[in-house]
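Engineer: What follows is start_12.txt, made up of compact mmCIF, C-alpha atoms and all ligand atoms:
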# COMPACT_ATOMS: atom_id res chain seq x y z
CA MET A 1 -86.89 -27.00 -46.03
CA GLU A 2 -83.64 -25.02 -45.69
CA PRO A 3 -84.13 -22.13 -48.12
CA PHE A 4 -80.83 -20.44 -47.33
CA ALA A 5 -77.63 -22.45 -47.41
CA VAL A 6 -74.61 -21.32 -45.40
CA GLU A 7 -71.46 -21.24 -47.51
CA SER A 8 -67.90 -21.15 -46.18
CA LEU A 9 -65.47 -18.78 -47.91
CA ASP A 10 -61.71 -18.75 -47.55
CA PRO A 11 -60.54 -15.13 -47.25
CA ARG A 12 -57.24 -16.06 -48.91
CA THR A 13 -58.97 -16.98 -52.15
CA ILE A 14 -62.16 -14.93 -52.00
CA SER A 15 -63.22 -13.26 -55.25
CA PRO A 16 -63.12 -9.46 -55.56
CA ALA A 17 -66.90 -9.52 -56.16
CA ASP A 18 -67.53 -11.34 -52.88
CA GLU A 19 -65.16 -9.05 -51.01
CA LYS A 20 -67.06 -6.07 -52.35
CA SER A 21 -70.43 -7.58 -51.44
CA ILE A 22 -69.24 -8.28 -47.88
CA ALA A 23 -67.87 -4.75 -47.52
CA GLN A 24 -71.22 -3.35 -48.71
CA LEU A 25 -73.10 -5.55 -46.24
CA ARG A 26 -70.92 -4.39 -43.32
CA GLN A 27 -71.34 -0.77 -44.37
CA SER A 28 -75.13 -1.15 -44.53
CA VAL A 29 -75.20 -2.65 -41.02
CA TRP A 30 -72.69 -0.43 -39.21
CA VAL A 31 -73.75 2.80 -40.88
CA ASN A 32 -72.68 5.04 -38.05
CA SER A 33 -69.74 3.07 -36.79
CA SER A 34 -67.13 5.29 -35.20
CA LYS A 35 -64.76 2.43 -34.47
CA ASP A 36 -61.42 3.40 -35.96
CA GLY A 37 -60.62 1.19 -38.86
CA PHE A 38 -63.38 -1.28 -38.09
CA LEU A 39 -64.98 -1.03 -41.51
CA ALA A 40 -61.54 -0.93 -43.09
CA GLU A 41 -60.89 -4.44 -41.76
CA PRO A 42 -57.60 -4.19 -39.87
CA PHE A 43 -57.10 -7.96 -40.03
CA ARG A 44 -57.36 -8.18 -43.80
CA PRO A 45 -53.57 -8.40 -44.41
CA PHE A 46 -53.32 -11.11 -41.74
CA TRP A 47 -56.11 -13.11 -43.36
CA LYS A 48 -54.54 -12.88 -46.77
CA ALA A 49 -51.12 -13.95 -45.51
CA TYR A 50 -52.26 -16.71 -43.17
CA SER A 51 -50.08 -19.80 -43.52
CA GLY A 52 -50.89 -21.84 -40.41
CA SER A 53 -52.82 -25.08 -40.19
CA ASP A 54 -55.89 -25.55 -42.37
CA ALA A 55 -57.94 -26.52 -39.32
CA GLN A 56 -57.47 -23.07 -37.81
CA ALA A 57 -57.50 -21.05 -41.01
CA PRO A 58 -59.69 -17.95 -41.15
CA ALA A 59 -63.11 -18.65 -42.65
CA MET A 60 -66.16 -16.57 -43.43
CA PHE A 61 -69.64 -18.04 -43.25
CA VAL A 62 -72.10 -16.36 -45.58
CA ILE A 63 -75.63 -16.61 -46.90
CA ARG A 64 -76.41 -15.19 -50.30
CA TYR A 65 -79.46 -13.90 -52.04
CA GLY A 66 -78.54 -14.32 -55.70
CA GLN A 67 -74.87 -13.35 -55.72
CA LYS A 68 -75.28 -10.78 -52.97
CA VAL A 69 -74.03 -11.68 -49.48
CA ILE A 70 -76.86 -10.95 -47.02
CA ALA A 71 -75.54 -12.62 -43.83
CA LEU A 72 -72.03 -12.99 -42.48
CA ALA A 73 -69.97 -14.40 -39.61
CA LYS A 74 -66.18 -14.30 -39.71
CA THR A 75 -63.90 -16.61 -37.79
CA LEU A 76 -60.15 -16.23 -37.33
CA PRO A 77 -57.44 -17.63 -35.08
CA ARG A 78 -56.44 -15.26 -32.27
CA ILE A 79 -53.80 -15.62 -29.59
CA ILE A 80 -54.75 -14.86 -26.00
CA GLN A 81 -52.41 -14.91 -22.99
CA PRO A 82 -54.16 -15.87 -19.73
CA GLN A 83 -51.87 -14.57 -16.97
CA GLY A 84 -49.76 -17.32 -15.41
CA ARG A 85 -50.92 -19.90 -17.97
CA ALA A 86 -49.84 -21.04 -21.40
CA GLU A 87 -51.02 -18.87 -24.27
CA MET A 88 -53.96 -20.19 -26.24
CA CYS A 89 -55.14 -19.98 -29.83
CA VAL A 90 -58.86 -19.30 -29.73
CA MET A 91 -61.39 -18.75 -32.48
CA GLY A 92 -62.25 -15.10 -32.81
CA LEU A 93 -65.77 -14.47 -34.06
CA ALA A 94 -66.35 -11.13 -35.77
CA SER A 95 -68.61 -9.14 -38.08
CA VAL A 96 -71.72 -11.19 -37.31
CA CYS A 97 -74.50 -9.44 -39.17
CA ASN A 98 -77.21 -9.67 -41.70
CA ALA A 99 -78.76 -7.14 -44.01
CA PRO A 100 -81.42 -4.99 -42.32
CA ASP A 101 -84.13 -6.19 -44.76
CA TRP A 102 -83.40 -9.82 -43.92
CA ARG A 103 -83.64 -9.83 -40.13
CA GLY A 104 -85.82 -12.18 -38.12
CA ARG A 105 -85.73 -15.07 -40.58
CA GLY A 106 -83.11 -17.22 -38.92
CA LEU A 107 -80.18 -16.08 -41.06
CA GLY A 108 -78.18 -14.64 -38.18
CA LYS A 109 -78.69 -17.81 -36.25
CA ALA A 110 -77.59 -19.94 -39.20
CA VAL A 111 -74.26 -18.19 -39.75
CA VAL A 112 -73.43 -18.13 -36.03
CA ARG A 113 -74.23 -21.84 -35.74
CA ALA A 114 -71.93 -22.58 -38.67
CA ALA A 115 -69.15 -20.53 -37.11
CA LEU A 116 -69.44 -22.11 -33.65
CA ALA A 117 -69.51 -25.57 -35.22
CA ARG A 118 -65.76 -25.13 -35.77
CA VAL A 119 -65.37 -25.34 -32.00
CA ASP A 120 -67.78 -28.27 -31.77
CA LYS A 121 -65.68 -30.23 -34.25
CA GLY A 122 -62.46 -29.41 -32.43
CA ASP A 123 -60.74 -26.89 -34.70
CA PHE A 124 -60.50 -24.66 -31.61
CA GLU A 125 -61.05 -25.31 -27.93
CA TRP A 126 -62.80 -21.97 -27.35
CA ALA A 127 -64.39 -19.16 -29.29
CA VAL A 128 -63.92 -15.66 -27.87
CA PHE A 129 -65.57 -12.47 -29.03
CA GLN A 130 -67.26 -9.26 -27.94
CA CYS A 131 -70.81 -8.04 -28.28
CA PRO A 132 -72.93 -5.12 -27.15
CA ALA A 133 -75.04 -5.72 -24.03
CA GLY A 134 -78.18 -5.80 -26.19
CA ARG A 135 -76.90 -8.84 -28.13
CA GLN A 136 -75.96 -10.98 -25.15
CA THR A 137 -79.22 -12.96 -25.20
CA PHE A 138 -78.93 -13.53 -28.94
CA TYR A 139 -75.66 -15.37 -28.31
CA GLU A 140 -76.73 -17.15 -25.14
CA GLN A 141 -79.18 -19.26 -27.16
CA PHE A 142 -76.14 -21.03 -28.68
CA GLY A 143 -74.59 -21.92 -25.33
CA VAL A 144 -72.30 -18.89 -25.35
CA ARG A 145 -71.67 -17.17 -22.02
CA ARG A 146 -70.46 -13.80 -20.90
CA VAL A 147 -67.10 -13.86 -19.11
CA GLN A 148 -65.82 -11.34 -16.60
CA ASN A 149 -62.06 -11.55 -17.21
CA ARG A 150 -60.14 -8.32 -17.62
CA PHE A 151 -58.76 -8.27 -21.17
CA PHE A 152 -55.81 -5.98 -21.93
CA ARG A 153 -53.63 -5.45 -24.96
CA THR A 154 -49.98 -6.43 -24.75
CA ASP A 155 -48.86 -5.14 -28.16
CA ARG A 156 -46.85 -1.94 -28.25
CA LEU A 157 -49.53 0.16 -29.97
CA GLY A 158 -52.31 -0.65 -27.57
CA ALA A 159 -50.45 -1.66 -24.41
CA GLY A 160 -52.77 -1.88 -21.42
CA ASN A 161 -55.96 -0.96 -23.30
CA ASN A 162 -59.01 -3.16 -23.45
CA PRO A 163 -58.92 -4.70 -26.95
CA PHE A 164 -62.72 -4.84 -27.02
CA TRP A 165 -64.98 -1.85 -27.56
CA ASP A 166 -68.31 -3.56 -26.84
CA GLU A 167 -69.46 -4.13 -23.25
CA CYS A 168 -69.54 -7.91 -23.18
CA ALA A 169 -66.71 -10.41 -23.61
CA MET A 170 -68.18 -13.75 -24.58
CA CYS A 171 -66.87 -17.29 -24.77
CA TYR A 172 -68.09 -20.58 -26.16
CA PRO A 173 -68.74 -23.26 -25.08
CA LYS A 174 -70.26 -22.89 -21.65
CA ARG A 175 -68.23 -25.44 -19.71
CA ASP A 176 -65.55 -25.70 -17.03
CA GLY A 177 -61.95 -24.93 -17.90
CA TRP A 178 -62.15 -21.31 -18.98
CA PRO A 179 -59.23 -19.49 -17.27
CA ASP A 180 -60.49 -17.26 -14.50
CA VAL A 181 -57.60 -14.75 -14.72
CA ASP A 182 -56.70 -11.53 -16.51
CA ILE A 183 -56.09 -12.10 -20.21
CA GLY A 184 -53.48 -10.40 -22.38
CA VAL A 185 -54.16 -9.95 -26.08
CA PRO A 186 -51.18 -9.20 -28.34
CA SER A 187 -53.28 -7.50 -31.05
CA PRO A 188 -56.21 -5.13 -31.55
CA GLY A 189 -59.63 -6.58 -30.73
CA TRP A 190 -61.88 -8.32 -33.25
C1 LIG B 1 -77.94 -9.85 -34.44
C2 LIG B 1 -78.37 -10.26 -35.85
C3 LIG B 1 -77.20 -10.89 -36.57
C4 LIG B 1 -79.50 -11.28 -35.70
O1 LIG B 1 -79.82 -11.74 -36.97
P1 LIG B 1 -81.28 -12.22 -37.38
O2 LIG B 1 -81.16 -12.91 -38.69
O3 LIG B 1 -82.24 -11.11 -37.29
O4 LIG B 1 -81.59 -13.25 -36.24
P2 LIG B 1 -82.39 -14.58 -36.42
O5 LIG B 1 -83.61 -14.36 -37.25
O6 LIG B 1 -81.47 -15.64 -36.84
O7 LIG B 1 -82.81 -14.76 -34.91
C5 LIG B 1 -82.60 -15.94 -34.29
C6 LIG B 1 -83.06 -15.81 -32.88
O8 LIG B 1 -82.36 -14.79 -32.21
C7 LIG B 1 -83.26 -13.87 -31.64
N1 LIG B 1 -82.69 -12.54 -31.83
C8 LIG B 1 -82.51 -11.89 -32.99
N2 LIG B 1 -81.95 -10.69 -32.77
C9 LIG B 1 -81.79 -10.59 -31.43
C10 LIG B 1 -81.26 -9.60 -30.58
N3 LIG B 1 -80.81 -8.44 -31.07
N4 LIG B 1 -81.25 -9.82 -29.26
C11 LIG B 1 -81.71 -11.00 -28.75
N5 LIG B 1 -82.23 -11.99 -29.51
C12 LIG B 1 -82.26 -11.78 -30.83
C13 LIG B 1 -84.54 -14.03 -32.41
O9 LIG B 1 -85.64 -13.66 -31.61
C14 LIG B 1 -84.53 -15.49 -32.76
O10 LIG B 1 -84.98 -16.26 -31.67
P3 LIG B 1 -85.88 -17.57 -31.92
O11 LIG B 1 -85.06 -18.48 -32.78
O12 LIG B 1 -86.11 -18.08 -30.55
O13 LIG B 1 -87.10 -17.08 -32.62
C15 LIG B 1 -78.91 -9.06 -36.66
O14 LIG B 1 -79.95 -8.45 -35.94
C16 LIG B 1 -77.88 -8.01 -37.00
O15 LIG B 1 -77.21 -8.10 -38.03
N6 LIG B 1 -77.76 -6.97 -36.16
C17 LIG B 1 -76.84 -5.86 -36.38
C18 LIG B 1 -75.40 -6.27 -36.22
C19 LIG B 1 -75.13 -6.88 -34.87
O16 LIG B 1 -75.59 -6.41 -33.84
N7 LIG B 1 -74.35 -7.95 -34.89
C20 LIG B 1 -73.92 -8.62 -33.68
C21 LIG B 1 -72.74 -7.90 -33.16
S1 LIG B 1 -71.93 -8.84 -31.96
As structure tokens, what does this structure read like?
Structural biologist:
Amino acid sequence: MEPFAVESLDPRTISPADEKSIAQLRQSVWVNSSKDGFLAEPFRPFWKAYSGSDAQAPAMFVIRYGQKVIALAKTLPRIIQPQGRAEMCVMGLASVCNAPDWRGRGLGKAVVRAALARVDKGDFEWAVFQCPAGRQTFYEQFGVRRVQNRFFRTDRLGAGNNPFWDECAMCYPKRDGWPDVDIGVPSPGW
């Protein structure tokens, strides 16, 4: 039996109640986050204004208990610029979490699987994201691998900085073809 269904939400049309529930979930998980603007969702305006293809539209995967969102994984298109190669649109994965009282019941796994399935069905060639060293093994069970590329911001505000604040840069799937070069990112990290 699958007691918890994963639901896909479109951030362009999400209800204020769901937005509030997701914000409360993130605040309950990252209580002591010192990441500037992380809880304020710097990509929110981008999500709301997105007008690209439906296949690569931002999507949030959630599990609810009643109306309350208790698990979350966000996906959004992100441009990366492997040096000397054509730029690529990859699937950023962000804000993977579940409520502290609901850990260890497969919910985290369910929302991550749903998110990575976008790559499996061809919406994106690769997913790229960051995670703390302590979460690396959680992601490896899905066929995600850590990559060693140097990532650096190319936008004016962050020029030269690493866009990621966690230790590990991760990519999915684990197969040949990932560019083994430095990678520019024309935006803040996700
Ligand atoms: C990471 C997180 C989403 C996992 O969610 P969860 O619902 O507790 O995980 P699940 O119950 O789905 O666990 C699935 C599997 O992952 C494993 N796992 C869970 N947390 C893990 C961790 N921190 N490190 C390694 N493996 C982990 C479980 O042992 C389980 O393995 P199994 O299927 O072989 O039994 C959750 O702990 C969380 O929200 N943490 C805080 C926020 C965070 O760190 N997010 C990730 C940032 S990149």
Engineer: Measure the distance from CA of Gly158 in chain A to CA of Phe61 in chain A in Å and round it to one decimal.
Structural biologist: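 About the pair CA of Gly158 in chain A and CA of Phe61 in chain A: they are 29.1 Å apart.
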Engineer: Have a look at CA of Ala5 in chain A and CA of Ser33 in chain A and let me know their distance in Å, one decimal.
Structural biologist: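 Between CA of Ala5 in chain A and CA of Ser33 in chain A the gap works out to 28.7 Å.
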Engineer: Give me the residues near Gln56 in chain A as a CSV table (one decimal) with C-alpha atoms, in the frame of the given file, where near means some atom within 9 Å (using only C-alpha atoms) and where sequence neighbours in that chain fewer than 2 positions away do not count.
Structural biologist:
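Written file, around34.csv:
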chain,number,residue,atom,x,y,z
A,52,GLY,CA,-50.9,-21.8,-40.4
A,53,SER,CA,-52.8,-25.1,-40.2
A,54,ASP,CA,-55.9,-25.6,-42.4
A,58,PRO,CA,-59.7,-18.0,-41.2
A,59,ALA,CA,-63.1,-18.6,-42.6
A,76,LEU,CA,-60.2,-16.2,-37.3
A,77,PRO,CA,-57.4,-17.6,-35.1
A,89,CYS,CA,-55.1,-20.0,-29.8
A,91,MET,CA,-61.4,-18.8,-32.5
A,118,ARG,CA,-65.8,-25.1,-35.8
A,123,ASP,CA,-60.7,-26.9,-34.7
A,124,PHE,CA,-60.5,-24.7,-31.6
Engineer: Residues within 7 Å of ligand LIG 1 (chain B) (all atoms listed in the file), as JSON, numbers by chain?
Structural biologist: {"A": [29, 95, 96, 97, 98, 99, 100, 102, 103, 104, 105, 106, 107, 108, 109, 110, 130, 131, 132, 134, 135, 136, 137, 138]}
Engineer: By how many Å are CA of Leu93 in chain A and CA of Arg78 in chain A apart?
Structural biologist: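 These two atoms are separated by 9.5 Å.
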Engineer: Tell me, as a PyMOL selection string, which residues lie within 10 Å of range 39-48 of chain A, counting only C-alpha atoms; anything in the same chain fewer than 3 positions away does not count.
Structural biologist: chain A and resi 10-14+23-24+26-27+30-31+33-36+51+57-59+76-77+95+187-190
Engineer: Using only C-alpha atoms, which of A:Gly84, A:Val111, A:Lys74, A:Val119 sits nearest Val181 in chain A?
Structural biologist: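 For Val181 in chain A, the nearest of the given residues is A:Gly84.
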Engineer: Could you list, as a PyMOL selection string, every residue within 10 Å of range 86-88 of chain A, counting all atoms listed in the file and ignoring same-chain residues fewer than 5 positions away?
Structural biologist: chain A and resi 77-81+124-126+183-185
Engineer: Let's have the selection written as a PDB file, in the frame of the given file, with C-alpha atoms.
Structural biologist:
ATOM      1  CA  PRO A  77     -57.440 -17.630 -35.080  1.00  0.00           C
ATOM      2  CA  ARG A  78     -56.440 -15.260 -32.270  1.00  0.00           C
ATOM      3  CA  ILE A  79     -53.800 -15.620 -29.590  1.00  0.00           C
ATOM      4  CA  ILE A  80     -54.750 -14.860 -26.000  1.00  0.00           C
ATOM      5  CA  GLN A  81     -52.410 -14.910 -22.990  1.00  0.00           C
ATOM      6  CA  PHE A 124     -60.500 -24.660 -31.610  1.00  0.00           C
ATOM      7  CA  GLU A 125     -61.050 -25.310 -27.930  1.00  0.00           C
ATOM      8  CA  TRP A 126     -62.800 -21.970 -27.350  1.00  0.00           C
ATOM      9  CA  ILE A 183     -56.090 -12.100 -20.210  1.00  0.00           C
ATOM     10  CA  GLY A 184     -53.480 -10.400 -22.380  1.00  0.00           C
ATOM     11  CA  VAL A 185     -54.160  -9.950 -26.080  1.00  0.00           C
TER      12      VAL A 185
END
Engineer: Would you mind listing what lies within 9 Å of Val69 in chain A as a ChimeraX atom specification, with all atoms listed in the file counted and same-chain residues fewer than 4 positions away left out?
Structural biologist: /A:18,21-22,24-25,62-65,98-99
Engineer: Pick out the closest residue to Arg85 in chain A from this set: A:Gly122, A:Pro186, A:Trp178, A:Tyr172. Count only C-alpha atoms.
Structural biologist: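 Of A:Gly122, A:Pro186, A:Trp178, A:Tyr172, the one nearest Arg85 in chain A is A:Trp178, counting only C-alpha atoms.
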Engineer: At a cut-off of 12 Å from (-69.6, -27.4, -23.7) in the coordinates of the file, what residues are picked up using only C-alpha atoms, written as a ChimeraX atom specification?
Structural biologist: /A:116-117,119-122,125-127,142-145,171-178
Engineer: With only C-alpha atoms as the atoms that count, which of A:Phe4, A:Cys168, A:Met60, A:Ala71 lies nearest to Asp101 in chain A?
Structural biologist: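 With only C-alpha atoms as the atom set, the closest residue is A:Ala71.
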Engineer: Once you add 6 Å to each side, what are the centre and edge lengths of the axis-aligned box holding all listed atoms of range 91-105 of chain A? One decimal in Å, as AutoDock Vina command-line options, if you can.
Structural biologist:
--center_x -73.6 --center_y -11.9 --center_z -38.6 --size_x 36.4 --size_y 25.8 --size_z 24.3
Engineer: Smallest atom-to-atom distance to Val112 in chain A: which of A:Gln83, A:Leu72, A:Gln67, A:Gly92, using all atoms listed in the file?
Structural biologist: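 Between A:Gln83, A:Leu72, A:Gln67, A:Gly92, the residue approaching Val112 in chain A most closely is A:Leu72.
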Engineer: Restricting the calculation to all atoms listed in the file: of A:Ala55, A:Asn149, A:Glu19, A:Phe129, which residue gets closest to Asp166 in chain A?
Structural biologist: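 Comparing A:Ala55, A:Asn149, A:Glu19, A:Phe129 against Asp166 in chain A, the winner is A:Phe129.
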Engineer: Between A:Val90, A:Ala49, A:Val147, A:Ala73, which residue has the minimum interatomic distance to Ala114 in chain A, considering all atoms listed in the file?
Structural biologist: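 Residue with the minimum atom-to-atom distance to Ala114 in chain A: A:Ala73.
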Engineer: Mind filling out range 144-173 of chain A with N, CA and C atoms and sending it as a PDB file, in the frame of the given file?
Structural biologist:
ATOM      1  N   VAL A 144     -73.388 -19.842 -25.585  1.00  0.00           N
ATOM      2  CA  VAL A 144     -72.300 -18.890 -25.350  1.00  0.00           C
ATOM      3  C   VAL A 144     -72.537 -18.253 -23.981  1.00  0.00           C
ATOM      4  N   ARG A 145     -71.459 -17.895 -23.278  1.00  0.00           N
ATOM      5  CA  ARG A 145     -71.670 -17.170 -22.020  1.00  0.00           C
ATOM      6  C   ARG A 145     -70.786 -15.939 -21.936  1.00  0.00           C
ATOM      7  N   ARG A 146     -71.262 -14.989 -21.144  1.00  0.00           N
ATOM      8  CA  ARG A 146     -70.460 -13.800 -20.900  1.00  0.00           C
ATOM      9  C   ARG A 146     -69.384 -14.135 -19.880  1.00  0.00           C
ATOM     10  N   VAL A 147     -68.164 -13.638 -20.081  1.00  0.00           N
ATOM     11  CA  VAL A 147     -67.100 -13.860 -19.110  1.00  0.00           C
ATOM     12  C   VAL A 147     -66.674 -12.520 -18.525  1.00  0.00           C
ATOM     13  N   GLN A 148     -66.121 -12.590 -17.321  1.00  0.00           N
ATOM     14  CA  GLN A 148     -65.820 -11.340 -16.600  1.00  0.00           C
ATOM     15  C   GLN A 148     -64.318 -11.060 -16.522  1.00  0.00           C
ATOM     16  N   ASN A 149     -63.509 -11.794 -17.251  1.00  0.00           N
ATOM     17  CA  ASN A 149     -62.060 -11.550 -17.210  1.00  0.00           C
ATOM     18  C   ASN A 149     -61.749 -10.107 -17.621  1.00  0.00           C
ATOM     19  N   ARG A 150     -60.656  -9.584 -17.100  1.00  0.00           N
ATOM     20  CA  ARG A 150     -60.140  -8.320 -17.620  1.00  0.00           C
ATOM     21  C   ARG A 150     -59.249  -8.634 -18.814  1.00  0.00           C
ATOM     22  N   PHE A 151     -59.586  -8.089 -19.972  1.00  0.00           N
ATOM     23  CA  PHE A 151     -58.760  -8.270 -21.170  1.00  0.00           C
ATOM     24  C   PHE A 151     -57.922  -7.001 -21.362  1.00  0.00           C
ATOM     25  N   PHE A 152     -56.662  -7.158 -21.703  1.00  0.00           N
ATOM     26  CA  PHE A 152     -55.810  -5.980 -21.930  1.00  0.00           C
ATOM     27  C   PHE A 152     -54.806  -6.276 -23.037  1.00  0.00           C
ATOM     28  N   ARG A 153     -54.562  -5.264 -23.834  1.00  0.00           N
ATOM     29  CA  ARG A 153     -53.630  -5.450 -24.960  1.00  0.00           C
ATOM     30  C   ARG A 153     -52.193  -5.463 -24.476  1.00  0.00           C
ATOM     31  N   THR A 154     -51.397  -6.337 -25.105  1.00  0.00           N
ATOM     32  CA  THR A 154     -49.980  -6.430 -24.750  1.00  0.00           C
ATOM     33  C   THR A 154     -49.084  -5.967 -25.893  1.00  0.00           C
ATOM     34  N   ASP A 155     -49.691  -5.619 -27.054  1.00  0.00           N
ATOM     35  CA  ASP A 155     -48.860  -5.140 -28.160  1.00  0.00           C
ATOM     36  C   ASP A 155     -48.487  -3.683 -27.899  1.00  0.00           C
ATOM     37  N   ARG A 156     -47.411  -3.262 -28.543  1.00  0.00           N
ATOM     38  CA  ARG A 156     -46.850  -1.940 -28.250  1.00  0.00           C
ATOM     39  C   ARG A 156     -47.864  -0.815 -28.512  1.00  0.00           C
ATOM     40  N   LEU A 157     -48.625  -0.927 -29.608  1.00  0.00           N
ATOM     41  CA  LEU A 157     -49.530   0.160 -29.970  1.00  0.00           C
ATOM     42  C   LEU A 157     -50.683   0.352 -28.987  1.00  0.00           C
ATOM     43  N   GLY A 158     -51.126  -0.778 -28.415  1.00  0.00           N
ATOM     44  CA  GLY A 158     -52.310  -0.650 -27.570  1.00  0.00           C
ATOM     45  C   GLY A 158     -52.072  -1.005 -26.114  1.00  0.00           C
ATOM     46  N   ALA A 159     -50.815  -1.089 -25.726  1.00  0.00           N
ATOM     47  CA  ALA A 159     -50.450  -1.660 -24.410  1.00  0.00           C
ATOM     48  C   ALA A 159     -51.359  -1.204 -23.274  1.00  0.00           C
ATOM     49  N   GLY A 160     -51.957  -2.156 -22.602  1.00  0.00           N
ATOM     50  CA  GLY A 160     -52.770  -1.880 -21.420  1.00  0.00           C
ATOM     51  C   GLY A 160     -54.242  -1.631 -21.725  1.00  0.00           C
ATOM     52  N   ASN A 161     -54.559  -1.267 -22.974  1.00  0.00           N
ATOM     53  CA  ASN A 161     -55.960  -0.960 -23.300  1.00  0.00           C
ATOM     54  C   ASN A 161     -56.799  -2.223 -23.428  1.00  0.00           C
ATOM     55  N   ASN A 162     -58.072  -2.068 -23.179  1.00  0.00           N
ATOM     56  CA  ASN A 162     -59.010  -3.160 -23.450  1.00  0.00           C
ATOM     57  C   ASN A 162     -59.089  -3.331 -24.974  1.00  0.00           C
ATOM     58  N   PRO A 163     -58.847  -4.529 -25.499  1.00  0.00           N
ATOM     59  CA  PRO A 163     -58.920  -4.700 -26.950  1.00  0.00           C
ATOM     60  C   PRO A 163     -60.353  -4.603 -27.476  1.00  0.00           C
ATOM     61  N   PHE A 164     -61.329  -4.789 -26.577  1.00  0.00           N
ATOM     62  CA  PHE A 164     -62.720  -4.840 -27.020  1.00  0.00           C
ATOM     63  C   PHE A 164     -63.419  -3.507 -26.781  1.00  0.00           C
ATOM     64  N   TRP A 165     -64.245  -3.109 -27.710  1.00  0.00           N
ATOM     65  CA  TRP A 165     -64.980  -1.850 -27.560  1.00  0.00           C
ATOM     66  C   TRP A 165     -66.427  -2.072 -27.143  1.00  0.00           C
ATOM     67  N   ASP A 166     -66.956  -3.281 -27.333  1.00  0.00           N
ATOM     68  CA  ASP A 166     -68.310  -3.560 -26.840  1.00  0.00           C
ATOM     69  C   ASP A 166     -68.252  -3.964 -25.363  1.00  0.00           C
ATOM     70  N   GLU A 167     -69.414  -3.914 -24.707  1.00  0.00           N
ATOM     71  CA  GLU A 167     -69.460  -4.130 -23.250  1.00  0.00           C
ATOM     72  C   GLU A 167     -69.164  -5.566 -22.841  1.00  0.00           C
ATOM     73  N   CYS A 168     -69.564  -6.523 -23.650  1.00  0.00           N
ATOM     74  CA  CYS A 168     -69.540  -7.910 -23.180  1.00  0.00           C
ATOM     75  C   CYS A 168     -68.452  -8.729 -23.867  1.00  0.00           C
ATOM     76  N   ALA A 169     -67.637  -9.403 -23.070  1.00  0.00           N
ATOM     77  CA  ALA A 169     -66.710 -10.410 -23.610  1.00  0.00           C
ATOM     78  C   ALA A 169     -67.408 -11.756 -23.467  1.00  0.00           C
ATOM     79  N   MET A 170     -67.408 -12.515 -24.538  1.00  0.00           N
ATOM     80  CA  MET A 170     -68.180 -13.750 -24.580  1.00  0.00           C
ATOM     81  C   MET A 170     -67.269 -14.926 -24.890  1.00  0.00           C
ATOM     82  N   CYS A 171     -67.628 -16.104 -24.363  1.00  0.00           N
ATOM     83  CA  CYS A 171     -66.870 -17.290 -24.770  1.00  0.00           C
ATOM     84  C   CYS A 171     -67.809 -18.465 -25.004  1.00  0.00           C
ATOM     85  N   TYR A 172     -67.346 -19.376 -25.800  1.00  0.00           N
ATOM     86  CA  TYR A 172     -68.090 -20.580 -26.160  1.00  0.00           C
ATOM     87  C   TYR A 172     -67.100 -21.733 -26.165  1.00  0.00           C
ATOM     88  N   PRO A 173     -67.446 -22.893 -25.651  1.00  0.00           N
ATOM     89  CA  PRO A 173     -68.740 -23.260 -25.080  1.00  0.00           C
ATOM     90  C   PRO A 173     -68.824 -22.895 -23.602  1.00  0.00           C
TER      91      PRO A 173
END
